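Text of run-v1.cif, listed as mmCIF, C-alpha atoms:
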data_model
loop_
_atom_site.label_atom_id
_atom_site.label_comp_id
_atom_site.auth_asym_id
_atom_site.auth_seq_id
_atom_site.Cartn_x
_atom_site.Cartn_y
_atom_site.Cartn_z
CA MET A 8 20.38 -55.46 37.43
CA LYS A 9 20.44 -51.71 37.17
CA ARG A 10 18.37 -51.71 33.99
CA LYS A 11 15.68 -53.93 35.47
CA ASN A 12 15.35 -51.73 38.53
CA THR A 13 15.18 -48.59 36.45
CA SER A 14 12.28 -49.81 34.36
CA GLU A 15 10.49 -50.96 37.50
CA TYR A 16 10.90 -47.55 39.03
CA ARG A 17 10.06 -45.61 35.86
CA LYS A 18 6.88 -44.33 37.45
CA GLN A 19 8.66 -43.22 40.58
CA ASN A 20 11.27 -41.28 38.55
CA PHE A 21 8.48 -39.58 36.64
CA TRP A 22 6.49 -38.60 39.74
CA SER A 23 9.53 -37.49 41.70
CA GLY A 24 10.37 -35.17 38.79
CA ILE A 25 6.82 -33.84 38.45
CA LEU A 26 6.50 -33.11 42.16
CA PHE A 27 9.90 -31.50 42.35
CA GLY A 28 9.13 -29.32 39.31
CA LEU A 29 5.87 -28.19 40.88
CA GLY A 30 7.54 -27.45 44.20
CA MET A 31 10.42 -25.65 42.50
CA VAL A 32 8.14 -23.28 40.59
CA ALA A 33 6.14 -22.55 43.74
CA PHE A 34 9.38 -21.90 45.60
CA ILE A 35 10.73 -19.53 42.91
CA ASP A 36 7.35 -17.80 42.83
CA GLU A 37 7.45 -17.28 46.58
CA THR A 38 11.10 -16.22 46.95
CA ALA A 39 11.68 -14.26 43.74
CA PHE A 40 8.30 -12.70 42.97
CA HIS A 41 6.79 -12.31 46.44
CA GLN A 42 9.80 -11.68 48.69
CA LEU A 43 12.61 -10.26 46.55
CA LEU A 44 10.90 -8.35 43.76
CA HIS A 45 7.67 -7.63 45.65
CA TRP A 46 5.80 -7.88 42.35
CA HIS A 47 3.26 -10.37 43.68
CA HIS A 48 1.04 -9.43 46.58
CA PHE A 49 0.13 -11.51 49.62
CA TYR A 50 -3.47 -10.58 49.03
CA ASP A 51 -5.24 -8.69 46.26
CA LYS A 52 -8.56 -6.96 46.97
CA SER A 53 -10.12 -8.63 43.94
CA THR A 54 -9.19 -12.16 45.10
CA THR A 55 -12.19 -14.47 45.00
CA SER A 56 -12.74 -16.88 47.88
CA ILE A 57 -12.26 -19.84 45.53
CA GLY A 58 -8.92 -18.25 44.62
CA LEU A 59 -7.98 -18.14 48.29
CA ILE A 60 -8.84 -21.82 48.70
CA SER A 61 -6.96 -22.76 45.54
CA ASP A 62 -3.92 -20.78 46.68
CA GLY A 63 -3.98 -22.40 50.12
CA LEU A 64 -4.26 -25.90 48.69
CA PHE A 65 -1.56 -25.37 46.09
CA HIS A 66 0.74 -23.70 48.56
CA ALA A 67 0.37 -26.58 51.02
CA PHE A 68 0.70 -29.18 48.27
CA SER A 69 3.82 -27.57 46.80
CA TRP A 70 5.44 -27.47 50.24
CA PHE A 71 4.70 -31.13 50.71
CA SER A 72 5.67 -32.20 47.20
CA THR A 73 9.08 -30.50 47.29
CA ILE A 74 10.12 -32.52 50.33
CA TRP A 75 8.34 -35.71 49.30
CA SER A 76 9.89 -35.63 45.79
CA LEU A 77 13.39 -35.39 47.26
CA PHE A 78 12.73 -38.37 49.51
CA LEU A 79 11.46 -40.29 46.48
CA LEU A 80 14.69 -39.31 44.72
CA ALA A 81 16.78 -40.47 47.68
CA ASP A 82 14.84 -43.74 47.63
CA LEU A 83 15.59 -44.18 43.91
CA ARG A 84 19.27 -43.49 44.48
CA ARG A 85 19.32 -45.98 47.32
CA LYS A 86 17.76 -48.62 45.11
CA ARG A 87 20.06 -47.63 42.23
CA ALA A 88 17.04 -46.86 40.11
CA PHE A 89 17.50 -43.15 39.49
CA TRP A 90 17.00 -42.20 35.87
CA LEU A 91 18.08 -38.59 35.42
CA LYS A 92 16.63 -38.03 31.94
CA ARG A 93 13.16 -39.19 32.84
CA TRP A 94 13.31 -37.30 36.12
CA ILE A 95 14.18 -34.08 34.26
CA GLY A 96 11.33 -34.71 31.83
CA GLY A 97 8.98 -34.96 34.79
CA LEU A 98 10.51 -31.84 36.29
CA PHE A 99 9.81 -29.71 33.22
CA LEU A 100 6.31 -31.11 32.87
CA GLY A 101 5.46 -30.47 36.53
CA ALA A 102 7.02 -27.02 36.53
CA GLY A 103 5.32 -26.02 33.27
CA LEU A 104 1.89 -27.33 34.25
CA PHE A 105 1.92 -25.56 37.57
CA GLN A 106 3.15 -22.29 36.07
CA LEU A 107 0.46 -22.50 33.39
CA TYR A 108 -2.22 -23.12 36.02
CA ASP A 109 -0.88 -20.24 38.10
CA GLY A 110 -0.66 -17.90 35.11
CA THR A 111 -4.09 -18.65 33.66
CA VAL A 112 -6.53 -19.95 36.27
CA GLN A 113 -5.11 -18.41 39.45
CA HIS A 114 -4.00 -15.04 38.08
CA LYS A 115 -6.72 -14.48 35.52
CA PHE A 116 -9.91 -16.32 36.54
CA MET A 117 -9.48 -16.35 40.30
CA LYS A 118 -7.73 -12.97 40.33
CA LEU A 119 -5.42 -14.11 43.14
CA HIS A 120 -2.96 -11.37 42.24
CA GLN A 121 -1.34 -10.15 39.04
CA ILE A 122 2.27 -10.76 38.04
CA ARG A 123 3.12 -7.09 38.48
CA TYR A 124 1.17 -3.96 39.35
CA HIS A 125 1.04 -0.48 37.76
CA VAL A 126 2.46 -1.67 34.44
CA ASP A 127 1.07 -2.92 31.16
CA ILE A 128 0.40 -6.51 32.23
CA LEU A 129 0.14 -8.12 28.76
CA PRO A 130 3.87 -8.68 28.05
CA TYR A 131 4.29 -10.15 31.53
CA ASP A 132 1.37 -12.52 31.12
CA LEU A 133 2.61 -13.60 27.70
CA THR A 134 6.16 -14.24 28.92
CA TRP A 135 4.85 -16.12 31.94
CA ASN A 136 2.49 -18.40 30.05
CA ILE A 137 4.68 -18.96 26.98
CA THR A 138 7.59 -19.98 29.23
CA ALA A 139 5.19 -22.37 30.93
CA LEU A 140 4.05 -23.84 27.60
CA ILE A 141 7.63 -24.32 26.42
CA MET A 142 8.41 -26.20 29.65
CA VAL A 143 5.32 -28.40 29.21
CA ILE A 144 6.23 -29.26 25.61
CA PHE A 145 9.86 -29.89 26.48
CA GLY A 146 8.78 -32.07 29.40
CA ILE A 147 6.34 -34.09 27.29
CA ILE A 148 9.01 -34.76 24.65
CA ILE A 149 11.51 -36.05 27.22
CA VAL A 150 8.90 -38.11 29.04
CA LEU A 151 7.77 -39.72 25.78
CA LYS A 152 11.37 -40.41 24.80
CA THR A 153 11.97 -42.22 28.07
CA ARG A 154 8.71 -44.16 27.89
CA SER A 155 10.29 -47.58 27.55
CA SER A 156 13.34 -48.95 29.26
CA GLU A 157 14.71 -49.82 25.79
CA SER A 158 15.88 -46.24 25.49
CA ILE A 159 18.29 -46.78 28.36
CA VAL A 160 19.60 -49.89 26.68
CA LYS A 161 20.37 -47.73 23.66
CA ASN A 162 22.03 -45.13 25.82
CA GLU A 163 24.14 -47.62 27.64
CA THR A 164 25.41 -49.43 24.57
CA MET B 16 -6.90 1.95 86.74
CA LYS B 17 -7.24 0.11 90.00
CA HIS B 18 -8.88 -2.76 88.19
CA ASN B 19 -6.07 -2.83 85.69
CA HIS B 20 -3.48 -3.07 88.43
CA LEU B 21 -5.40 -5.89 90.09
CA PHE B 22 -5.55 -7.76 86.80
CA HIS B 23 -1.79 -7.48 86.33
CA SER B 24 -0.95 -8.66 89.80
CA GLN B 25 -3.19 -11.68 89.24
CA VAL B 26 -1.42 -12.41 85.97
CA ASP B 27 1.96 -12.27 87.69
CA HIS B 28 0.66 -14.67 90.29
CA PHE B 29 -0.34 -17.03 87.50
CA ASP B 30 3.09 -16.62 85.86
CA LEU B 31 4.78 -17.74 89.05
CA ILE B 32 2.63 -20.85 89.41
CA LEU B 33 3.11 -21.80 85.77
CA ILE B 34 6.88 -21.33 85.77
CA THR B 35 7.18 -23.37 88.98
CA GLY B 36 5.04 -26.10 87.45
CA LEU B 37 7.09 -26.21 84.27
CA LEU B 38 10.38 -26.27 86.17
CA PHE B 39 9.00 -29.10 88.28
CA MET B 40 8.10 -31.03 85.11
CA PHE B 41 11.58 -30.45 83.74
CA PHE B 42 13.25 -31.84 86.86
CA ILE B 43 10.88 -34.81 87.06
CA TYR B 44 11.70 -35.67 83.45
CA CYS B 45 15.46 -35.38 84.03
CA TYR B 46 15.25 -37.45 87.21
CA ALA B 47 13.21 -40.19 85.54
CA ALA B 48 15.40 -40.27 82.45
CA PHE B 49 18.70 -40.16 84.31
CA PHE B 50 18.13 -42.30 87.40
CA GLY B 51 14.98 -44.24 86.56
CA GLY B 52 16.29 -46.06 83.57
CA THR B 53 19.32 -47.94 84.91
CA ARG B 54 17.89 -51.13 83.47
CA TYR B 55 17.36 -49.56 80.06
CA LYS B 56 19.45 -47.93 77.34
CA LYS B 57 20.87 -44.53 78.19
CA TRP B 58 18.35 -41.79 77.49
CA PRO B 59 19.66 -39.69 74.54
CA LYS B 60 20.84 -36.16 75.42
CA HIS B 61 18.88 -34.41 72.66
CA ARG B 62 15.62 -35.56 74.23
CA TYR B 63 16.42 -33.65 77.44
CA ILE B 64 17.12 -30.57 75.29
CA SER B 65 13.94 -31.05 73.30
CA TRP B 66 11.86 -31.40 76.45
CA PHE B 67 13.47 -28.31 77.97
CA LEU B 68 12.91 -26.22 74.83
CA GLY B 69 9.33 -27.44 74.52
CA LEU B 70 8.56 -26.36 78.09
CA ALA B 71 10.42 -23.09 77.50
CA CYS B 72 8.15 -22.38 74.49
CA ILE B 73 5.12 -22.87 76.73
CA ALA B 74 6.63 -20.54 79.35
CA VAL B 75 7.42 -17.83 76.79
CA ALA B 76 3.96 -18.14 75.24
CA LEU B 77 2.01 -17.94 78.49
CA THR B 78 4.10 -15.70 80.75
CA GLY B 79 6.23 -12.60 80.42
CA PRO B 80 6.15 -9.82 77.81
CA ILE B 81 4.68 -11.73 74.83
CA SER B 82 1.78 -13.07 76.85
CA HIS B 83 1.08 -9.71 78.53
CA SER B 84 1.03 -7.74 75.30
CA SER B 85 -1.00 -10.43 73.53
CA HIS B 86 -4.09 -9.07 75.33
CA ILE B 87 -3.81 -5.87 73.39
CA ASN B 88 -1.60 -6.76 70.43
CA PHE B 89 -2.74 -9.35 67.89
CA VAL B 90 0.79 -9.88 66.53
CA SER B 91 2.04 -10.88 69.99
CA HIS B 92 -0.96 -13.16 70.27
CA MET B 93 0.21 -14.85 67.04
CA TYR B 94 3.75 -15.30 68.38
CA ALA B 95 2.29 -16.94 71.46
CA HIS B 96 -0.05 -19.06 69.37
CA LEU B 97 2.77 -20.34 67.17
CA LEU B 98 4.95 -21.20 70.18
CA LEU B 99 2.17 -22.84 72.18
CA GLY B 100 0.23 -24.57 69.42
CA MET B 101 2.96 -25.63 67.01
CA LEU B 102 6.56 -25.43 68.21
CA ALA B 103 6.05 -26.62 71.81
CA PRO B 104 4.01 -29.69 70.74
CA LEU B 105 6.63 -30.67 68.16
CA LEU B 106 9.54 -30.31 70.61
CA ILE B 107 7.67 -32.20 73.32
CA ALA B 108 6.75 -34.99 70.90
CA LEU B 109 10.44 -35.25 69.97
CA SER B 110 11.34 -35.80 73.63
CA PHE B 111 9.39 -39.09 73.89
CA PRO B 112 7.48 -38.26 77.09
CA LEU B 113 5.18 -41.27 76.93
CA THR B 114 8.03 -43.72 76.41
CA LEU B 115 9.75 -42.26 79.46
CA LEU B 116 6.56 -42.44 81.51
CA LEU B 117 5.92 -46.06 80.57
CA ARG B 118 9.40 -47.19 81.50
CA THR B 119 9.44 -45.22 84.76
CA ILE B 120 6.18 -46.29 86.36
CA LYS B 121 5.32 -49.74 87.74
CA VAL B 122 4.56 -52.47 85.20
CA GLN B 123 0.90 -52.85 86.14
CA HIS B 124 0.38 -49.10 85.78
CA ALA B 125 2.14 -49.13 82.43
CA ARG B 126 -0.14 -51.97 81.35
CA PHE B 127 -3.16 -49.93 82.36
CA ILE B 128 -1.92 -46.97 80.28
CA SER B 129 -1.24 -49.11 77.23
CA ARG B 130 -4.74 -50.60 77.56
CA MET B 131 -6.05 -47.04 77.56
CA LEU B 132 -3.99 -46.22 74.48
CA ASN B 133 -5.44 -49.22 72.70
CA SER B 134 -8.99 -48.03 73.36
CA LYS B 135 -11.33 -46.98 70.58
CA MET B 136 -11.56 -43.49 72.04
CA ILE B 137 -7.82 -42.88 71.59
CA GLY B 138 -8.05 -44.47 68.14
CA PHE B 139 -10.72 -41.95 67.21
CA LEU B 140 -8.82 -38.99 68.66
CA SER B 141 -5.50 -39.92 67.10
CA ASN B 142 -7.04 -40.34 63.65
CA PRO B 143 -5.36 -37.60 61.56
CA VAL B 144 -8.78 -36.36 60.40
CA THR B 145 -10.08 -35.89 63.96
CA ALA B 146 -6.80 -34.32 65.07
CA SER B 147 -6.74 -31.93 62.09
CA LEU B 148 -10.36 -30.90 62.65
CA LEU B 149 -9.77 -30.28 66.36
CA ASN B 150 -6.64 -28.30 65.60
CA ILE B 151 -7.47 -26.27 62.48
CA GLY B 152 -11.24 -26.26 63.05
CA GLY B 153 -10.64 -24.90 66.54
CA LEU B 154 -8.59 -22.05 65.08
CA TRP B 155 -11.30 -21.21 62.55
CA ILE B 156 -13.83 -20.99 65.39
CA LEU B 157 -11.48 -18.88 67.49
CA TYR B 158 -10.73 -16.30 64.82
CA THR B 159 -13.98 -16.13 62.87
CA THR B 160 -16.50 -15.99 65.75
CA ASN B 161 -16.57 -13.65 68.72
CA LEU B 162 -14.79 -16.25 70.83
CA TYR B 163 -11.64 -14.19 70.34
CA SER B 164 -13.07 -11.17 72.15
CA LEU B 165 -14.89 -13.34 74.73
CA MET B 166 -11.55 -14.95 75.53
CA HIS B 167 -10.12 -11.58 76.54
CA GLN B 168 -13.08 -10.82 78.80
CA HIS B 169 -13.32 -14.08 80.72
CA LYS B 170 -10.29 -15.63 82.33
CA LEU B 171 -11.75 -19.11 82.32
CA ILE B 172 -12.41 -19.06 78.57
CA HIS B 173 -8.91 -17.66 78.07
CA LEU B 174 -7.45 -20.57 80.01
CA PHE B 175 -9.60 -23.15 78.22
CA VAL B 176 -8.69 -21.78 74.75
CA HIS B 177 -4.99 -21.90 75.54
CA ILE B 178 -5.14 -25.42 76.92
CA HIS B 179 -7.05 -26.43 73.79
CA ILE B 180 -4.49 -24.78 71.47
CA PHE B 181 -1.66 -26.74 73.08
CA LEU B 182 -3.46 -30.08 73.36
CA ALA B 183 -4.90 -29.92 69.84
CA GLY B 184 -1.47 -28.97 68.51
CA TYR B 185 0.10 -31.89 70.33
CA LEU B 186 -2.57 -34.33 69.18
CA PHE B 187 -2.12 -33.11 65.61
CA THR B 188 1.67 -33.53 65.76
CA ILE B 189 1.56 -37.08 67.15
CA SER B 190 -1.19 -38.07 64.71
CA MET B 191 1.15 -37.17 61.82
CA ILE B 192 4.54 -38.35 63.04
CA TYR B 193 5.10 -41.35 65.28
CA PHE B 194 7.69 -41.34 68.04
CA ASP B 195 6.08 -42.60 71.22
CA PRO B 196 4.20 -45.93 71.21
CA THR B 197 1.30 -45.47 68.79
CA PRO B 198 -1.10 -48.42 68.72
CA HIS B 199 -3.45 -46.90 66.13
CA ARG B 200 -1.32 -46.30 63.04
CA TYR B 201 -2.52 -44.87 59.77
CA PRO B 202 -0.87 -45.26 56.33
CA PHE B 203 1.62 -42.69 55.12
CA SER B 204 -0.60 -41.66 52.18
CA TYR B 205 -3.57 -41.03 54.47
CA ARG B 206 -1.51 -38.94 56.87
CA SER B 207 0.06 -37.01 53.96
CA ILE B 208 -3.31 -36.02 52.51
CA CYS B 209 -4.53 -34.92 55.95
CA MET B 210 -1.31 -32.96 56.45
CA ILE B 211 -1.74 -31.12 53.12
CA LEU B 212 -5.39 -30.32 53.82
CA ALA B 213 -4.63 -29.16 57.36
CA LEU B 214 -1.79 -26.94 56.17
CA ALA B 215 -4.04 -25.54 53.44
CA GLY B 216 -6.73 -24.83 56.05
CA HIS B 217 -4.14 -23.02 58.15
CA ASP B 218 -2.90 -20.97 55.15
CA ILE B 219 -6.42 -20.04 54.04
CA LEU B 220 -7.30 -18.98 57.59
CA SER B 221 -4.20 -16.77 57.85
CA LYS B 222 -5.09 -14.99 54.60
CA PHE B 223 -8.67 -14.71 55.81
CA ILE B 224 -7.44 -13.04 59.02
CA PHE B 225 -5.31 -10.73 56.87
CA VAL B 226 -8.48 -9.12 55.47
CA HIS B 227 -11.10 -9.94 58.11
CA PRO B 228 -9.64 -8.97 61.51
CA PRO B 229 -11.05 -10.86 64.52
CA ASN B 230 -13.23 -8.69 66.80
CA HIS B 231 -11.68 -5.39 67.87
CA VAL B 232 -8.33 -6.08 66.20
CA PRO B 233 -6.97 -3.14 64.14
CA ILE B 234 -6.39 -4.02 60.47
CA GLU B 235 -2.61 -3.33 60.60
CA GLN B 236 -2.24 -5.87 63.41
CA SER B 237 -4.41 -8.47 61.70
CA GLN B 238 -2.34 -8.07 58.51
CA ALA B 239 0.98 -8.48 60.29
CA GLY B 240 -0.44 -11.30 62.43
CA GLY B 241 -1.93 -13.10 59.43
CA LYS B 242 1.33 -12.92 57.52
CA PHE B 243 3.27 -14.21 60.50
CA MET B 244 0.78 -17.04 60.93
CA TYR B 245 1.13 -17.94 57.23
CA TYR B 246 4.92 -18.03 57.03
CA GLY B 247 5.60 -19.12 60.61
CA GLY B 248 3.12 -21.97 60.27
CA ASP B 249 4.77 -22.97 57.01
CA ILE B 250 8.16 -23.36 58.64
CA ILE B 251 6.96 -25.56 61.48
CA ASP B 252 4.74 -27.64 59.23
CA LEU B 253 7.75 -28.04 56.95
CA LEU B 254 9.58 -29.70 59.84
CA ILE B 255 6.63 -32.03 60.46
CA ILE B 256 6.43 -32.90 56.74
CA PHE B 257 10.18 -33.54 56.69
CA ILE B 258 9.92 -35.95 59.63
CA LEU B 259 6.83 -37.60 58.12
CA CYS B 260 8.71 -38.25 54.85
CA LEU B 261 11.85 -39.32 56.70
CA GLN B 262 9.83 -41.92 58.60
CA TRP B 263 8.42 -43.17 55.29
CA TYR B 264 11.95 -43.32 53.85
CA LYS B 265 13.18 -45.43 56.75
CA SER B 266 10.21 -47.81 56.75
CA SER B 267 10.32 -48.11 52.97
CA ASN B 268 13.90 -49.38 53.27
CA GLN B 269 12.80 -51.99 55.78
CA ARG B 270 10.21 -53.19 53.31
CA VAL B 271 12.88 -53.76 50.68
CA LEU B 272 15.06 -55.59 53.16
CA THR B 273 12.26 -57.96 54.17
CA ILE B 274 11.47 -58.70 50.54
CA LYS B 275 15.12 -59.41 49.92
CA GLY B 276 15.20 -61.52 53.05
CA GLN B 277 12.30 -63.58 51.77
CA LEU B 278 13.92 -64.06 48.40
CA PHE B 279 17.32 -65.17 49.56
#
Output the file's structure as structure tokens, nothing else.
Amino acid sequence: MKRKNTSEYRKQNFWSGILFGLGMVAFIDETAFHQLLHWHHFYDKSTTSIGLISDGLFHAFSWFSTIWSLFLLADLRRKRAFWLKRWIGGLFLGAGLFQLYDGTVQHKFMKLHQIRYHVDILPYDLTWNITALIMVIFGIIIVLKTRSSESIVKNET
Amino acid sequence: MKHNHLFHSQVDHFDLILITGLLFMFFIYCYAAFFGGTRYKKWPKHRYISWFLGLACIAVALTGPISHSSHINFVSHMYAHLLLGMLAPLLIALSFPLTLLLRTIKVQHARFISRMLNSKMIGFLSNPVTASLLNIGGLWILYTTNLYSLMHQHKLIHLFVHIHIFLAGYLFTISMIYFDPTPHRYPFSYRSICMILALAGHDILSKFIFVHPPNHVPIEQSQAGGKFMYYGGDIIDLLIIFILCLQWYKSSNQRVLTIKGQLF
């Protein structure tokens, strides 16, 4: 019974993970880099208006997706269809993709703000984007591994 | 100087009328909920509290120190705006005022109101897109045109803008989350997308205010006000999103139960 449900809800596990990963990165970005370290700025003079729109949309979406993903998770638990491995795969993929978008498009092309000011930015950009890439690759591997419900059968036996 | 004094005494006069009105509404609500509903289920205590706090938000926003300094200080204006346009509507929606009204008044009057609620006009207004445009669009107009400075010159415009902020905020809240009877319902996905876009519009506007102060507002005040609008708005919208998702979670369970019921 459990196995059947899990394969039915494979998509939901994946999306709950993705959305939570995205929300988590946005949350860490806001608390750690904006509020605690004060590395990121609320507004940078070179911000383009498209950057402002992108930031607003992503900020709103990440707020929504954090809460929504946890309700999806609660729903999976309630239906006994939660699949931790696939969920974590989604989490890394979502987190990595959003961080990569933030580090390349938002920071560089839209000039929303830089990671840190008054320092040589290159090592920061590299760390930021390479971490993001590693998360994406890690996420893809796990998601591919949990593509079919057969993999749970293997795990359970 | 004389003019200034006159203005203040008029404002105090207005404060008195408003506070009396709000107190009156509080007692009417309590009376209707406590004595009116002997035939119905007991009215939950938290709804009284919610109604009281909602009215208190309106009082704090429109009277007393915050309201008085909001004429000269943009940050105070933002406090008032957040209380009047976001927190008060949410608290009032949580106190089920329409449900209470419908069960208190005579049946034929209640029927008339529910016919009104079923009308196309209300359907149009309570569409999340209309409600978001009235709410967020109204704010864009207020802060990006010279309406903001006009509002501080003409009392009537000031009054109209504040009534609009509250009503649009209330309409927005009840178009996203359903407590009172809502004949025109929209799917969760549709409401979610509108909620995200509205919140984004709010965030973009607050960053816009951060750099482009409304007329005659000093840049330090517009920066502090914009930041407060951004983070304060986030917190209250977070509550609305939480309730929106919670309502999905509950209805989604019902769906499973009916499917199960059909199967067995």
| task | Can you turn the PyMOL selection byres ((chain B and resi 29-32) around 12) into a concrete residue list for this file, as number ranges by chain? | result | B: 22-28, 33-39, 73-80, 82-83, 170, 174
| Interface, chain B side, toward chain A (8 Å; only C-alpha atoms) as a VMD selection string | chain B and resid 211 to 212 214 to 216 218 to 219 222 253 256 to 257 260 to 261 264
| said: For this structure, which residues satisfy the selection - the PyMOL selection byres ((chain B and resi 90) around 10) - when it is evaluated on the file as given? I want them as an MDAnalysis selection string. | reply: chainID B and resid 81 84:85 87:89 91:96 232 235:244
Just the selected residues (C-alpha atoms), exported as a PDB file, in the frame of the given file, please.
ATOM      1  CA  ILE B  81       4.680 -11.730  74.830  1.00  0.00           C
ATOM      2  CA  SER B  84       1.030  -7.740  75.300  1.00  0.00           C
ATOM      3  CA  SER B  85      -1.000 -10.430  73.530  1.00  0.00           C
ATOM      4  CA  ILE B  87      -3.810  -5.870  73.390  1.00  0.00           C
ATOM      5  CA  ASN B  88      -1.600  -6.760  70.430  1.00  0.00           C
ATOM      6  CA  PHE B  89      -2.740  -9.350  67.890  1.00  0.00           C
ATOM      7  CA  SER B  91       2.040 -10.880  69.990  1.00  0.00           C
ATOM      8  CA  HIS B  92      -0.960 -13.160  70.270  1.00  0.00           C
ATOM      9  CA  MET B  93       0.210 -14.850  67.040  1.00  0.00           C
ATOM     10  CA  TYR B  94       3.750 -15.300  68.380  1.00  0.00           C
ATOM     11  CA  ALA B  95       2.290 -16.940  71.460  1.00  0.00           C
ATOM     12  CA  HIS B  96      -0.050 -19.060  69.370  1.00  0.00           C
ATOM     13  CA  VAL B 232      -8.330  -6.080  66.200  1.00  0.00           C
ATOM     14  CA  GLU B 235      -2.610  -3.330  60.600  1.00  0.00           C
ATOM     15  CA  GLN B 236      -2.240  -5.870  63.410  1.00  0.00           C
ATOM     16  CA  SER B 237      -4.410  -8.470  61.700  1.00  0.00           C
ATOM     17  CA  GLN B 238      -2.340  -8.070  58.510  1.00  0.00           C
ATOM     18  CA  ALA B 239       0.980  -8.480  60.290  1.00  0.00           C
ATOM     19  CA  GLY B 240      -0.440 -11.300  62.430  1.00  0.00           C
ATOM     20  CA  GLY B 241      -1.930 -13.100  59.430  1.00  0.00           C
ATOM     21  CA  LYS B 242       1.330 -12.920  57.520  1.00  0.00           C
ATOM     22  CA  PHE B 243       3.270 -14.210  60.500  1.00  0.00           C
ATOM     23  CA  MET B 244       0.780 -17.040  60.930  1.00  0.00           C
TER      24      MET B 244
END
| task | List the residues selected by the PyMOL selection byres ((chain B and resi 109) around 8) in the file shown, writing them as a ChimeraX atom specification. | result | /B:62,65-66,105-108,110-111,194
| task | Could you jot down the atom CA of Leu97 of chain B to atom CA of Gly248 of chain B separation for me, Å, one decimal place? | result |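 So the two atoms, atom CA of Leu97 of chain B and atom CA of Gly248 of chain B, lie 7.1 Å apart.
The nearest approach to Asp132 of chain A among the residues A:Leu107, A:Leu80, A:Ile57, A:Leu29, with all atoms listed in the file taken into account, belongs to A:Leu107.
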| message | I'd like to know which of A:Leu83, A:Leu44, A:Leu26, A:Ile137 is closest to Gly101 of chain A, using only C-alpha atoms. | response | A:Leu26
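With distances restricted to only C-alpha atoms, A:Trp46 is the closest residue to Ile128 of chain A from A:Trp46, A:Phe99, A:Phe27, A:Phe34.
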| From the set B:Leu154, B:Leu132, B:Met101, B:Ile189, which residue has the shortest atom-to-atom contact distance to Asp252 of chain B, counting only C-alpha atoms? | B:Met101
| request: Give the answer as one residue: which of B:Phe127, B:Tyr63, B:Leu99, B:Ser147 has the shortest atom-to-atom distance to Val176 of chain B, using only C-alpha atoms? | output: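 Closest to Val176 of chain B of all the choices is B:Leu99.
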| remark: In Å and to one decimal, atom CA of Pro196 of chain B is distant from atom CA of Arg126 of chain B by 12.6 Å
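Across the model, the gap from atom CA of Tyr245 of chain B to atom CA of Val226 of chain B is 13.2 Å.
Compared by their closest atoms to Leu140 of chain B, and using all atoms listed in the file, the residues B:Ser190, B:Ser207, B:Thr114, B:Gln123 rank with B:Ser190 nearest.
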